[in-house]
Every structure is written in structure tokens, then in C-alpha cells.
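Undergrad: Just so it is clear, I am handing over target_8.tsv, which has TSV, C-alpha atoms and all ligand atoms.
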```
chain	number	residue	atom	x	y	z
A	25	MET	CA	0.00	0.00	0.00
A	26	SER	CA	2.20	2.81	-1.23
A	27	THR	CA	1.66	6.50	-0.58
A	28	PRO	CA	-0.47	8.13	-3.26
A	29	GLU	CA	1.32	10.75	-5.32
A	30	PRO	CA	0.50	14.33	-4.33
A	31	SER	CA	-0.98	14.92	-7.78
A	32	ASP	CA	-3.58	12.17	-7.35
A	33	ARG	CA	-7.08	13.09	-6.27
A	34	PRO	CA	-7.13	13.86	-2.54
A	35	LEU	CA	-7.63	10.89	-0.27
A	36	ALA	CA	-11.10	10.57	1.20
A	37	TRP	CA	-11.00	10.59	5.01
A	38	SER	CA	-12.36	7.07	5.14
A	39	GLU	CA	-9.58	5.87	2.82
A	40	ALA	CA	-6.94	7.74	4.81
A	41	ARG	CA	-8.26	6.18	7.97
A	42	ARG	CA	-7.66	2.71	6.56
A	43	LEU	CA	-3.95	3.53	6.34
A	44	PHE	CA	-3.87	3.56	10.17
A	45	PRO	CA	-4.39	0.06	11.57
A	46	VAL	CA	-4.29	1.55	15.08
A	47	THR	CA	-7.92	2.57	14.47
A	48	GLU	CA	-8.94	-1.10	14.64
A	49	ARG	CA	-7.82	-1.35	18.25
A	50	TRP	CA	-7.83	2.13	19.72
A	51	THR	CA	-9.53	5.46	19.71
A	52	TYR	CA	-6.16	7.07	19.39
A	53	LEU	CA	-6.23	10.72	20.39
A	54	ASP	CA	-2.66	11.15	21.57
A	55	HIS	CA	-0.56	12.53	18.74
A	56	ALA	CA	0.97	15.15	21.02
A	57	ALA	CA	2.62	12.22	22.84
A	58	VAL	CA	3.69	9.51	20.39
A	59	CYS	CA	1.83	8.80	17.16
A	60	PRO	CA	1.05	5.45	15.61
A	61	ILE	CA	2.65	4.99	12.19
A	62	SER	CA	0.66	4.35	9.02
A	63	THR	CA	0.89	1.35	6.72
A	64	PRO	CA	2.92	3.27	4.08
A	65	VAL	CA	5.49	4.25	6.72
A	66	TYR	CA	5.65	0.73	8.06
A	67	GLU	CA	6.07	-0.70	4.56
A	68	ALA	CA	8.77	1.77	3.55
A	69	MET	CA	10.78	0.93	6.67
A	70	ALA	CA	10.18	-2.80	6.33
A	71	GLU	CA	11.30	-2.69	2.70
A	72	HIS	CA	14.50	-0.96	3.72
A	73	LEU	CA	15.20	-3.49	6.47
A	74	GLN	CA	14.49	-6.32	4.05
A	75	ASP	CA	17.05	-4.82	1.70
A	76	VAL	CA	19.70	-4.75	4.45
A	77	LEU	CA	18.70	-8.25	5.51
A	78	THR	CA	19.15	-9.79	2.11
A	79	ASP	CA	21.75	-7.59	0.41
A	80	GLY	CA	23.84	-5.86	3.03
A	81	ASP	CA	24.90	-2.46	1.73
A	82	THR	CA	25.19	-3.45	-1.92
A	83	ASN	CA	22.16	-1.30	-2.72
A	84	SER	CA	23.54	1.72	-0.91
A	85	ALA	CA	23.12	3.95	-3.99
A	86	ARG	CA	19.40	3.28	-3.67
A	87	TRP	CA	19.51	4.21	0.02
A	88	ASP	CA	21.18	7.52	-0.86
A	89	ALA	CA	18.40	8.18	-3.35
A	90	LYS	CA	15.81	7.48	-0.65
A	91	VAL	CA	17.49	9.88	1.75
A	92	SER	CA	17.62	12.56	-0.97
A	93	ARG	CA	13.94	12.01	-1.70
A	94	ALA	CA	13.11	12.33	2.00
A	95	ARG	CA	15.11	15.55	2.16
A	96	ALA	CA	13.24	16.97	-0.81
A	97	SER	CA	9.88	16.05	0.78
A	98	ALA	CA	10.89	17.55	4.11
A	99	ALA	CA	11.91	20.76	2.35
A	100	ARG	CA	8.55	20.91	0.60
A	101	LEU	CA	6.79	20.51	3.91
A	102	LEU	CA	8.84	23.27	5.54
A	103	GLY	CA	8.89	25.60	2.53
A	104	CYS	CA	12.69	25.66	2.32
A	105	ARG	CA	15.46	24.21	0.17
A	106	PRO	CA	16.63	20.60	0.56
A	107	ALA	CA	20.12	21.94	1.35
A	108	GLU	CA	18.64	23.60	4.44
A	109	VAL	CA	17.41	20.31	5.94
A	110	ALA	CA	19.41	17.91	8.10
A	111	PHE	CA	18.22	14.60	9.53
A	112	LEU	CA	19.02	14.30	13.20
A	113	LYS	CA	18.18	12.01	16.05
A	114	ASN	CA	15.52	14.11	17.75
A	115	THR	CA	14.31	17.64	18.46
A	116	SER	CA	16.69	17.99	21.39
A	117	GLU	CA	19.70	17.38	19.19
A	118	GLY	CA	18.62	20.18	16.85
A	119	LEU	CA	18.05	22.65	19.68
A	120	ASN	CA	21.40	21.72	21.22
A	121	LEU	CA	23.16	22.23	17.92
A	122	VAL	CA	22.06	25.83	17.98
A	123	ALA	CA	22.65	26.41	21.70
A	124	ARG	CA	26.10	24.82	21.59
A	125	GLY	CA	26.98	25.99	18.09
A	126	LEU	CA	26.59	29.74	18.46
A	127	ALA	CA	29.46	31.88	19.71
A	128	TRP	CA	28.17	33.50	22.91
A	129	ARG	CA	29.45	36.51	24.77
A	130	PRO	CA	28.95	36.98	28.51
A	131	GLY	CA	25.88	39.15	29.02
A	132	ASP	CA	23.97	37.70	26.04
A	133	ASN	CA	20.48	36.45	26.71
A	134	VAL	CA	17.95	34.03	25.29
A	135	VAL	CA	14.22	34.70	25.49
A	136	SER	CA	11.92	31.73	25.94
A	137	ALA	CA	8.70	31.10	27.85
A	138	GLN	CA	7.22	29.44	30.87
A	139	GLY	CA	5.41	26.27	29.94
A	140	GLU	CA	7.94	25.27	27.29
A	141	PHE	CA	8.75	21.58	27.11
A	142	PRO	CA	12.15	21.05	28.81
A	143	ALA	CA	13.75	20.05	25.49
A	144	ASN	CA	13.69	23.75	24.70
A	145	VAL	CA	14.77	24.92	28.15
A	146	TYR	CA	17.80	22.94	29.30
A	147	PRO	CA	19.99	23.60	26.25
A	148	TRP	CA	19.66	27.35	26.93
A	149	MET	CA	19.86	27.01	30.70
A	150	SER	CA	23.10	25.11	30.30
A	151	LEU	CA	24.73	28.23	28.86
A	152	ALA	CA	24.72	29.97	32.25
A	153	PRO	CA	28.42	29.20	32.90
A	154	GLN	CA	29.17	31.18	29.72
A	155	GLY	CA	27.33	34.18	31.16
A	156	VAL	CA	24.19	33.67	29.04
A	157	GLN	CA	20.91	34.49	30.76
A	158	LEU	CA	17.68	32.64	30.02
A	159	ARG	CA	14.57	34.82	30.27
A	160	MET	CA	11.25	33.08	30.65
A	161	VAL	CA	8.26	35.09	29.52
A	162	PRO	CA	5.22	34.36	31.72
A	163	GLU	CA	2.41	32.16	30.50
A	164	ARG	CA	-0.97	33.73	31.26
A	165	GLU	CA	-3.97	31.42	31.39
A	166	GLY	CA	-2.54	29.11	28.79
A	167	ARG	CA	-1.43	31.89	26.43
A	168	LEU	CA	1.80	33.67	25.61
A	169	ARG	CA	1.38	37.35	24.87
A	170	TYR	CA	3.25	38.95	22.01
A	171	ARG	CA	3.73	42.04	24.16
A	172	ASP	CA	5.48	40.07	26.91
A	173	ILE	CA	7.82	38.47	24.40
A	174	ARG	CA	8.57	41.79	22.74
A	175	ASP	CA	9.27	43.45	26.07
A	176	ALA	CA	11.65	40.68	27.18
A	177	ILE	CA	13.89	41.30	24.16
A	178	ASP	CA	16.68	43.83	24.60
A	179	SER	CA	19.91	44.77	22.86
A	180	ARG	CA	21.69	41.69	24.27
A	181	THR	CA	19.07	39.18	23.14
A	182	ARG	CA	20.61	36.76	20.66
A	183	VAL	CA	17.88	34.13	20.41
A	184	LEU	CA	14.13	33.78	20.76
A	185	ALA	CA	13.54	30.08	21.45
A	186	LEU	CA	9.89	29.05	21.36
A	187	SER	CA	7.62	26.21	20.45
A	188	PHE	CA	5.41	26.48	17.41
A	189	VAL	CA	2.67	24.97	19.62
A	190	GLU	CA	3.03	24.72	23.41
A	191	PHE	CA	2.94	21.09	24.51
A	192	LEU	CA	0.52	21.42	27.42
A	193	SER	CA	-1.78	24.33	26.61
A	194	GLY	CA	-1.71	23.75	22.85
A	195	PHE	CA	-1.28	27.49	22.38
A	196	ARG	CA	-0.05	28.26	18.87
A	197	ASN	CA	2.49	31.04	18.74
A	198	ASP	CA	2.11	33.57	15.94
A	199	VAL	CA	5.32	32.62	14.20
A	200	ALA	CA	4.97	35.13	11.37
A	201	ARG	CA	4.63	38.03	13.78
A	202	LEU	CA	7.41	36.78	16.02
A	203	GLY	CA	9.66	36.17	13.02
A	204	GLU	CA	9.10	39.75	11.95
A	205	LEU	CA	9.92	40.96	15.46
A	206	CYS	CA	13.15	38.92	15.46
A	207	ARG	CA	14.13	40.26	12.07
A	208	LYS	CA	13.62	43.85	13.22
A	209	ARG	CA	15.53	43.35	16.44
A	210	GLY	CA	18.39	41.29	14.99
A	211	VAL	CA	17.44	38.23	17.05
A	212	LEU	CA	17.73	34.62	15.84
A	213	PHE	CA	14.40	32.79	15.83
A	214	VAL	CA	14.67	29.16	16.97
A	215	LEU	CA	11.53	27.08	16.70
A	216	ASP	CA	10.76	23.82	18.45
A	217	ALA	CA	8.26	22.76	15.81
A	218	ILE	CA	7.37	19.28	17.05
A	219	GLN	CA	3.88	20.04	18.37
A	220	GLY	CA	2.63	21.62	15.17
A	221	LEU	CA	4.62	20.50	12.16
A	222	GLY	CA	2.60	17.93	10.27
A	223	ALA	CA	-0.73	19.18	11.59
A	224	LEU	CA	-0.55	22.90	10.91
A	225	ARG	CA	0.88	24.81	8.01
A	226	LEU	CA	4.36	26.14	8.65
A	227	ASP	CA	6.47	27.93	6.07
A	228	VAL	CA	9.78	28.58	7.77
A	229	VAL	CA	10.93	31.10	5.17
A	230	GLU	CA	7.70	33.09	5.24
A	231	ALA	CA	7.75	33.01	9.06
A	232	GLY	CA	11.35	34.22	9.25
A	233	VAL	CA	12.48	31.21	11.26
A	234	ASP	CA	16.26	30.75	11.42
A	235	PHE	CA	16.40	27.24	12.93
A	236	ALA	CA	13.67	24.67	13.51
A	237	ALA	CA	13.64	21.13	14.83
A	238	ALA	CA	10.98	18.44	15.07
A	239	ASP	CA	11.10	14.73	15.68
A	240	ALA	CA	8.85	12.55	13.53
A	241	HIS	CA	7.01	10.79	16.33
A	242	LYS	CA	4.14	13.19	16.90
A	243	TRP	CA	2.21	15.12	14.23
A	244	LEU	CA	4.47	14.02	11.39
A	245	LEU	CA	3.18	10.48	11.92
A	246	GLY	CA	6.63	8.98	11.59
A	247	PRO	CA	8.95	6.85	13.71
A	248	GLU	CA	10.62	7.84	16.95
A	249	GLY	CA	14.21	9.04	16.95
A	250	SER	CA	14.22	10.49	13.44
A	251	ALA	CA	14.04	14.26	13.26
A	252	LEU	CA	14.09	17.17	10.85
A	253	PHE	CA	16.34	20.13	11.43
A	254	TYR	CA	16.02	23.31	9.41
A	255	CYS	CA	18.93	25.72	9.24
A	256	ARG	CA	18.48	28.81	7.12
A	257	ARG	CA	21.27	28.87	4.57
A	258	GLU	CA	22.59	32.24	5.71
A	259	ARG	CA	22.89	30.90	9.27
A	260	LEU	CA	24.93	27.77	8.53
A	261	ASP	CA	28.26	29.24	9.49
A	262	LEU	CA	26.87	30.90	12.60
A	263	LEU	CA	26.93	27.49	14.28
A	264	GLU	CA	30.68	27.66	14.44
A	265	SER	CA	31.15	25.46	17.48
A	266	ALA	CA	28.82	22.72	16.22
A	267	PRO	CA	30.38	19.26	16.23
A	268	VAL	CA	31.95	17.93	13.06
A	269	GLY	CA	32.35	14.41	11.74
A	270	TRP	CA	33.64	12.66	8.67
A	271	ALA	CA	30.41	13.39	6.75
A	272	SER	CA	30.49	17.10	7.65
A	273	VAL	CA	33.10	17.99	5.05
A	274	ARG	CA	32.80	18.80	1.38
A	275	GLY	CA	34.96	15.89	0.22
A	276	PHE	CA	33.60	13.35	2.68
A	277	ARG	CA	33.99	10.41	0.29
A	278	ASP	CA	37.73	11.07	0.06
A	279	TYR	CA	38.50	9.56	3.44
A	280	LEU	CA	42.19	10.39	3.70
A	281	ALA	CA	42.06	13.96	2.39
A	282	TYR	CA	41.69	15.40	5.93
A	283	ASP	CA	40.38	18.64	4.51
A	284	LEU	CA	38.08	20.33	7.01
A	285	THR	CA	36.21	22.44	4.48
A	286	LEU	CA	32.62	22.06	5.62
A	287	ARG	CA	29.77	21.08	3.31
A	288	PRO	CA	27.71	24.11	2.32
A	289	GLU	CA	24.52	22.32	3.42
A	290	ALA	CA	22.71	21.60	6.65
A	291	ALA	CA	23.65	17.95	6.14
A	292	ARG	CA	27.02	18.90	7.64
A	293	PHE	CA	25.32	18.53	11.03
A	294	GLU	CA	24.55	14.86	10.39
A	295	LEU	CA	28.23	14.10	11.11
A	296	GLY	CA	28.38	10.45	10.08
A	297	THR	CA	26.34	7.42	9.08
A	298	ALA	CA	22.63	8.11	8.74
A	299	ASN	CA	19.81	6.38	10.57
A	300	THR	CA	18.63	5.34	7.12
A	301	VAL	CA	15.63	3.29	8.21
A	302	GLY	CA	14.47	6.20	10.38
A	303	VAL	CA	14.92	8.70	7.57
A	304	VAL	CA	13.08	6.42	5.16
A	305	GLY	CA	10.20	6.25	7.66
A	306	LEU	CA	10.21	10.00	8.14
A	307	GLY	CA	10.28	10.52	4.37
A	308	ALA	CA	7.30	8.22	3.83
A	309	ALA	CA	5.41	9.96	6.64
A	310	VAL	CA	5.98	13.40	5.13
A	311	GLU	CA	4.93	12.14	1.71
A	312	LEU	CA	1.67	10.89	3.14
A	313	LEU	CA	1.00	14.27	4.76
A	314	LEU	CA	1.78	16.08	1.52
A	315	SER	CA	-0.49	13.77	-0.43
A	316	VAL	CA	-3.37	14.49	1.95
A	317	GLY	CA	-2.61	18.22	1.86
A	318	ILE	CA	-1.54	20.20	4.93
A	319	GLU	CA	-4.22	22.86	4.69
A	320	ARG	CA	-6.94	20.29	4.20
A	321	MET	CA	-5.63	18.38	7.17
A	322	GLU	CA	-5.47	21.51	9.28
A	323	ARG	CA	-9.14	22.23	8.55
A	324	ARG	CA	-10.00	18.67	9.48
A	325	ILE	CA	-8.14	18.89	12.81
A	326	LYS	CA	-9.91	22.19	13.49
A	327	ALA	CA	-13.30	20.57	12.85
A	328	LEU	CA	-12.50	17.62	15.14
A	329	THR	CA	-11.17	19.77	17.98
A	330	ASP	CA	-14.11	22.22	17.63
A	331	ARG	CA	-16.49	19.29	17.99
A	332	LEU	CA	-14.57	18.15	21.05
A	333	CYS	CA	-14.65	21.61	22.62
A	334	ARG	CA	-18.39	21.96	22.04
A	335	GLY	CA	-18.90	18.63	23.79
A	336	LEU	CA	-16.57	19.59	26.63
A	337	GLU	CA	-18.50	22.80	27.13
A	338	ARG	CA	-21.71	20.77	27.51
A	339	LEU	CA	-19.93	18.71	30.16
A	340	GLY	CA	-18.90	21.87	32.03
A	341	ALA	CA	-15.18	21.25	31.47
A	342	GLU	CA	-12.50	23.84	32.06
A	343	VAL	CA	-10.55	24.07	28.82
A	344	LEU	CA	-6.99	25.37	29.08
A	345	SER	CA	-6.37	25.56	25.35
A	346	SER	CA	-7.07	28.79	23.54
A	347	ARG	CA	-9.49	28.34	20.68
A	348	ARG	CA	-9.06	31.86	19.38
A	349	ARG	CA	-8.27	32.45	15.73
A	350	GLY	CA	-4.59	31.81	15.06
A	351	GLU	CA	-4.06	30.39	18.57
A	352	TRP	CA	-5.82	27.02	18.39
A	353	SER	CA	-3.97	23.80	17.53
A	354	GLY	CA	-4.55	20.05	17.55
A	355	ILE	CA	-4.07	19.98	21.32
A	356	VAL	CA	-7.01	20.41	23.69
A	357	SER	CA	-6.24	20.18	27.41
A	358	PHE	CA	-9.06	20.23	29.92
A	359	ARG	CA	-10.28	19.10	33.31
A	360	LEU	CA	-13.71	18.27	34.59
A	361	PRO	CA	-14.96	19.72	37.85
A	362	GLY	CA	-14.99	17.18	40.64
A	363	VAL	CA	-13.29	14.55	38.48
A	364	ASP	CA	-9.89	13.12	39.36
A	365	ALA	CA	-7.97	13.48	36.09
A	366	LYS	CA	-5.67	10.57	36.84
A	367	GLN	CA	-8.58	8.24	37.46
A	368	ALA	CA	-10.36	9.51	34.36
A	369	ALA	CA	-7.24	8.81	32.29
A	370	GLN	CA	-7.15	5.25	33.65
A	371	VAL	CA	-10.83	4.68	32.87
A	372	LEU	CA	-10.32	5.99	29.34
A	373	ARG	CA	-7.31	3.76	28.81
A	374	ARG	CA	-9.35	0.74	29.90
A	375	ARG	CA	-11.98	1.75	27.35
A	376	ARG	CA	-9.21	1.84	24.75
A	377	ILE	CA	-9.13	5.58	24.34
A	378	ALA	CA	-5.56	6.89	24.23
A	379	LEU	CA	-4.86	10.39	25.49
A	380	SER	CA	-2.41	11.92	27.96
A	381	LEU	CA	-2.43	13.21	31.47
A	382	ARG	CA	-0.13	16.22	31.78
A	383	SER	CA	0.23	18.29	34.96
A	384	GLY	CA	-3.30	17.43	36.09
A	385	TRP	CA	-4.86	18.14	32.68
A	386	LEU	CA	-6.31	15.62	30.26
A	387	ARG	CA	-4.72	16.31	26.90
A	388	VAL	CA	-6.46	15.22	23.72
A	389	SER	CA	-4.72	15.48	20.37
A	390	PRO	CA	-6.54	14.06	17.34
A	391	HIS	CA	-5.00	13.88	13.88
A	392	PHE	CA	-6.65	14.08	10.48
A	393	TYR	CA	-7.55	10.38	10.25
A	394	ASN	CA	-9.56	10.41	13.47
A	395	SER	CA	-13.33	10.49	13.09
A	396	GLU	CA	-16.23	12.46	14.53
A	397	GLU	CA	-17.49	9.19	16.01
A	398	GLU	CA	-14.27	8.81	17.97
A	399	ILE	CA	-14.62	12.31	19.42
A	400	ASP	CA	-18.21	11.51	20.37
A	401	ARG	CA	-17.11	8.25	21.94
A	402	LEU	CA	-14.60	10.07	24.12
A	403	LEU	CA	-17.27	12.55	25.19
A	404	GLU	CA	-19.67	9.71	25.92
A	405	VAL	CA	-17.16	7.91	28.17
A	406	LEU	CA	-16.33	11.18	29.95
A	407	LYS	CA	-20.04	11.75	30.53
A	408	GLU	CA	-20.49	8.29	31.97
A	409	GLY	CA	-17.61	9.09	34.35
B	1	LIG	C1	7.47	20.85	22.65
B	1	LIG	C2	8.26	19.58	22.65
B	1	LIG	N1	9.55	19.60	22.29
B	1	LIG	C3	10.29	18.48	22.24
B	1	LIG	C4	9.76	17.26	22.60
B	1	LIG	C5	10.55	16.01	22.52
B	1	LIG	O1	11.86	16.23	22.12
B	1	LIG	P1	12.73	15.07	21.48
B	1	LIG	O2	12.31	14.93	20.05
B	1	LIG	O3	14.12	15.55	21.62
B	1	LIG	O4	12.46	13.84	22.27
B	1	LIG	C6	8.43	17.20	23.02
B	1	LIG	C7	7.87	15.88	23.44
B	1	LIG	O5	7.00	15.71	24.17
B	1	LIG	C8	7.67	18.38	23.04
B	1	LIG	O6	6.39	18.36	23.41
```
Starting from the coordinates I provided, produce the structure as C-alpha cells.
Ligand SMILES: Cc1ncc(COP(=O)(O)O)c(C=O)c1O

TA:
Amino acid sequence: MSTPEPSDRPLAWSEARRLFPVTERWTYLDHAAVCPISTPVYEAMAEHLQDVLTDGDTNSARWDAKVSRARASAARLLGCRPAEVAFLKNTSEGLNLVARGLAWRPGDNVVSAQGEFPANVYPWMSLAPQGVQLRMVPEREGRLRYRDIRDAIDSRTRVLALSFVEFLSGFRNDVARLGELCRKRGVLFVLDAIQGLGALRLDVVEAGVDFAAADAHKWLLGPEGSALFYCRRERLDLLESAPVGWASVRGFRDYLAYDLTLRPEAARFELGTANTVGVVGLGAAVELLLSVGIERMERRIKALTDRLCRGLERLGAEVLSSRRRGEWSGIVSFRLPGVDAKQAAQVLRRRRIALSLRSGWLRVSPHFYNSEEEIDRLLEVLKEG
């Protein structure tokens, strides 16, 4: 069951749903945690493993072609050039590349926000011994205010490090506006894109993002431990202290040349041998998303989460997630008055509904292949208590 070409007629939701065998066993509403993979992703990875099983590396030219294809697909998804995409191990590795790669001066600062997932906190916090301050903009009732971010930036701010979508509240940052702010103030814009990329449209060039990272295991519907890293071409050499490996250099196939002239592409950050099976899985996942159409998928996720929120309102739930225009995402976190969230999560799990419990909130995160019936089922079980 191969991925349909993007030029084919769009997949009907019912057809798309059949690509996700998880739907036969679970009401799976937990893409903000770890996604299930689809049949095309599974098959692409299995085919690669079969190749290694039976032929060792004798087909390695074909593997290179698969990696190039994945890079081209990832670039299409992000709106950038293939040469601006690197395949890394996870989001954390990408964020660390930037934090560790930049040349800091004592007194520099990084602006980030309360409520960020720690993957986007510790790399910046760890720069304290170099005299770099981390400023955390307050989160107010599940939202980050543009004004607060703007006011935290001063003449010594080098980086704004934020999530595209906040992992707990689901608040979507206005990346275009923040990118513009960064451009005006000469600040680098670093985006932890994992909670939005794949579900919501993101054009890194249009948004003025300098660096972005996202693992495949959430909204991209790919495997764990295989991530995209975007580095704007003009910023490549800014990461001057980034690690280097044999595959970082221009003549990397000439093993004994020992010429440390770096490749003019983001692939220089891959350092050595690729996680080819992971990249193949990521590539197949991105191709599926592109074939469905990101904007179409975004509208679908909006419709599903709107339905959920209407139902939650009827149940008297307190919803943390902003549903305002431009601020909503695929994440809806809520709690029910008088209901122990931990117990509710256990009941739901027993009823084969997968969602997450985060800091006392129930977090629901449907993707495009989920159905209205599944949302209603969740609401029904919540109502029963
Ligand atoms: C906002 C955010 N960033 C990063 C991660 C995970 O990072 P990594 O891909 O390094 O495991 C998560 C996972 O929950 C997340 O929610």
C-alpha cells in the first residue's frame, strides 16, 4: 500500500483512515505524545530493512536516493530548500546544535517562555556558565502574549527560542509576527516545531524562522528518533562550534584527504552514518502528509477539535487551550470539575481511548484520520464518568 502521489485526487477521510491500523484497536487521540505509524510508513521501513537483511549495503546507492527524496519532501513541507534540511536524532539534538553551536558573549540572553517543554529549556539554561541568561516570559492562562515576548527582548538578546505549539496548553504562537519581530531586532528565531509541524501549516521562510527542529514521532506520523532540522542557509556558518564528523566535510567520500572544508549544506550537522531506516520512515510519513494536503488536514483537525470543545462545554469542562483564531492547535487540554484526572485517564485507557495526562490536565490530540465518532465516543465515556 504505497503513498499516493500528491498529484492524485485527494484521499477521502475514510480511505486515509484505513492507512492507520491503530484505528482497529484504539480510539487514538494522543498525537501530542507519540503517534502510531501508518501502513505506508511501516512498509517503507520494512522494505529498507528487508534490503539490508538480504543484500547488506550493496544497494547503498538506492539508500542515498531514498534519503535525498526524503530531504526533498521535508523541504517541501517546511517551505525551504533541501540543502537547508538535516536529519538528526531528535528535536533535542537540533536545539542543542544551535545552543552549543553559536558563539556567545557573557551578558547575552535568550528569550523563551514558561510552559515550554524542557527540550527547549535545558539547552539554553546550560549556557549559564558562559554568562548567558535565560529569560522566561510568563504564560498567562494558557497563552503567551506577544507584548510580553517583545518586552523581554533587549539589545543583548541573541535568540528567541519558542515552540510552534506549546505542549501542554496547545497554544499556537504567531510565528509570522514573532519572526518579523526577530528580524527587526536582529534576534535569531529558533523554533521547536514538534507540536505543530505535520498538523498545521508552517512555512519557515515566510515566518522568518532561522532554525527549527521536530522529531517525527508526533504530528508528522513517523517513527521515533528520526528528526528534521532546518537551518536557514545564511545561518549555517553561525553554528561555528557545532560538532563535526567525517560526513560534515565537502569531500567526505575522500577519506584520507583530511580537509576540514565544511559542506555548504545543513547535512554537515549529520556528522556520520545516517539512521537510514528512520529517515526512510520519516520521508514516507511526510509524503503521506503532503499527499493528503496540509491545509486540508489543518481544517480537518480544526473541525474535530471544535467538535470536542463543544462537547466539553456541555460537560462543564474547564478548557486550558485557547481556541481563538490563530491560537488554536490540535491539542485540547481540559479538566472536569470534581473529576480526578488521573482516574479519568485510567478509565479511558481501559476503554481503549488513548490520550495523555499532563500536569493534572487531560490532553487530547486528534489527527486528520480520526473520526467524529471517535470524538463523540470520548465525550460519551467522559459523561459516563
Ligand atoms: C514541545 C516539545 N519539544 C520536544 C519534545 C521532545 O523532544 P525530542 O524529540 O528531543 O524527544 C516534546 C515531546 O514531548 C515536546 O512536546

Undergrad: Draw an axis-aligned box over all listed atoms of stretch 129-144 of chain A, pad each side with 4 Å, and write its centre and edge lengths in Å, one decimal, as lines of an AutoDock Vina configuration file.

TA:
```
center_x = 17.4
center_y = 29.6
center_z = 27.8
size_x = 32.0
size_y = 27.1
size_z = 14.2
```

Undergrad: Restricting the calculation to only C-alpha atoms and all ligand atoms: of A:Tyr393, A:Phe191, A:Tyr170, A:Phe293, which residue gets closest to ligand LIG 1 (chain B)?

TA: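 Comparing A:Tyr393, A:Phe191, A:Tyr170, A:Phe293 against ligand LIG 1 (chain B), the winner is A:Phe191.
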
Undergrad: Please provide the set of residues having any atom within 10 Å of stretch 364-366 of chain A, restricted to only C-alpha atoms, with same-chain residues fewer than 6 positions apart removed, written as number ranges by chain.

TA: A: 358, 372, 380-386

Undergrad: For the contact check between stretch 192-309 of chain A and stretch 117-139 of chain A, emit one row per residue of stretch 192-309 of chain A within 9 Å, containing the shortest atom pair and the distance in Å rounded to one decimal, counting only C-alpha atoms, chain then rising number order, as JSON lines.

TA:
```
{"residue": "A:Leu192", "atom": "CA", "partner": "A:Gly139", "partner_atom": "CA", "distance": 7.3}
{"residue": "A:Ser193", "atom": "CA", "partner": "A:Gly139", "partner_atom": "CA", "distance": 8.2}
{"residue": "A:Val214", "atom": "CA", "partner": "A:Leu119", "partner_atom": "CA", "distance": 7.8}
{"residue": "A:Leu215", "atom": "CA", "partner": "A:Leu119", "partner_atom": "CA", "distance": 8.4}
{"residue": "A:Asp216", "atom": "CA", "partner": "A:Leu119", "partner_atom": "CA", "distance": 7.5}
{"residue": "A:Phe235", "atom": "CA", "partner": "A:Val122", "partner_atom": "CA", "distance": 7.7}
{"residue": "A:Ala236", "atom": "CA", "partner": "A:Gly118", "partner_atom": "CA", "distance": 7.5}
{"residue": "A:Ala237", "atom": "CA", "partner": "A:Gly118", "partner_atom": "CA", "distance": 5.5}
{"residue": "A:Ala238", "atom": "CA", "partner": "A:Gly118", "partner_atom": "CA", "distance": 8.0}
{"residue": "A:Ala251", "atom": "CA", "partner": "A:Gly118", "partner_atom": "CA", "distance": 8.3}
{"residue": "A:Leu252", "atom": "CA", "partner": "A:Gly118", "partner_atom": "CA", "distance": 8.1}
{"residue": "A:Phe253", "atom": "CA", "partner": "A:Gly118", "partner_atom": "CA", "distance": 5.9}
{"residue": "A:Tyr254", "atom": "CA", "partner": "A:Gly118", "partner_atom": "CA", "distance": 8.5}
{"residue": "A:Leu262", "atom": "CA", "partner": "A:Leu126", "partner_atom": "CA", "distance": 6.0}
{"residue": "A:Leu263", "atom": "CA", "partner": "A:Gly125", "partner_atom": "CA", "distance": 4.1}
{"residue": "A:Glu264", "atom": "CA", "partner": "A:Gly125", "partner_atom": "CA", "distance": 5.5}
{"residue": "A:Ser265", "atom": "CA", "partner": "A:Gly125", "partner_atom": "CA", "distance": 4.2}
{"residue": "A:Ala266", "atom": "CA", "partner": "A:Gly125", "partner_atom": "CA", "distance": 4.2}
{"residue": "A:Pro267", "atom": "CA", "partner": "A:Gly125", "partner_atom": "CA", "distance": 7.8}
{"residue": "A:Phe293", "atom": "CA", "partner": "A:Leu121", "partner_atom": "CA", "distance": 8.1}
```

Undergrad: Check every protein, DNA and RNA residue against ligand LIG 1 (chain B), keep those with an atom at most 10 Å away (counting only C-alpha atoms and all ligand atoms), and present them as a ChimeraX atom specification.

TA: /A:55-58,112-120,139-145,186-192,194,215-220,237-242,248-252

Undergrad: Skip A:His72 itself and residues of its chain fewer than 4 positions away, then list as a list in words all residues within 7 Å of it, counting all atoms listed in the file.

TA: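 My reading of the contact set: Ala68, Val76 and Val301 of chain A.
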
Undergrad: Which of these residues is nearest to A:Pro64, using all atoms listed in the file: A:Ala94, A:Leu245, A:Val268, A:Leu332?

TA: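 Using all atoms listed in the file, A:Pro64 sits closest to A:Leu245.
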
Undergrad: Just to confirm, what's the straight-line distance from atom CA of A:Leu360 to atom CA of A:Leu403 in Å (one decimal)?

TA: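 Between atom CA of A:Leu360 and atom CA of A:Leu403 the gap works out to 11.6 Å.
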
Undergrad: Restricting the calculation to all atoms listed in the file, which member of A:Val343, A:Leu336, A:Ile399, A:Val405 is positioned closest to A:Ala369?

TA: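 The shortest atom-to-atom distance to A:Ala369 comes from A:Val405.
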
Undergrad: Looking at only C-alpha atoms, which of A:Arg167, A:Arg257, A:Arg174, A:Arg201 is the one that sits closest to A:Pro106?

TA: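 Among A:Arg167, A:Arg257, A:Arg174, A:Arg201, it is A:Arg257 that comes nearest to A:Pro106.
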
Undergrad: Find the spatial neighbours of A:Leu226, counting only C-alpha atoms, within a cut-off of 8 Å - ignore same-chain residues fewer than 2 positions away - and output them as a PyMOL selection string.

TA: chain A and resi 101-103+221+224+228+231

Undergrad: Go through A:Val229, A:Val303, A:Cys333, A:Ala290 one by one, measure the shortest atom-to-atom distance of each to A:Ala200 using all atoms listed in the file, and give the residue with the smallest value.

TA: A:Val229

Undergrad: If you measure from atom CA of A:Glu342 to atom CA of A:Gly166, what distance in Å do you get, rounded to one decimal?

TA: 11.7 Å

Undergrad: Of the residues A:Gly362, A:Gly155, A:Gly305, A:Gly269, which is the one nearest to A:Arg93, using only C-alpha atoms?

TA: A:Gly305

Undergrad: Which value, in Å to one decimal, gives the distance between atom CA of A:Leu244 and atom CA of A:Ala309?

TA: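 Between these atoms lies a distance of 6.3 Å.
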
Undergrad: At a cut-off of 8 Å from (-4.1, 2.5, 11.8) in the coordinates of the file, what residues are picked up using all atoms listed in the file, written as a PyMOL selection string?

TA: chain A and resi 41-48+60-63
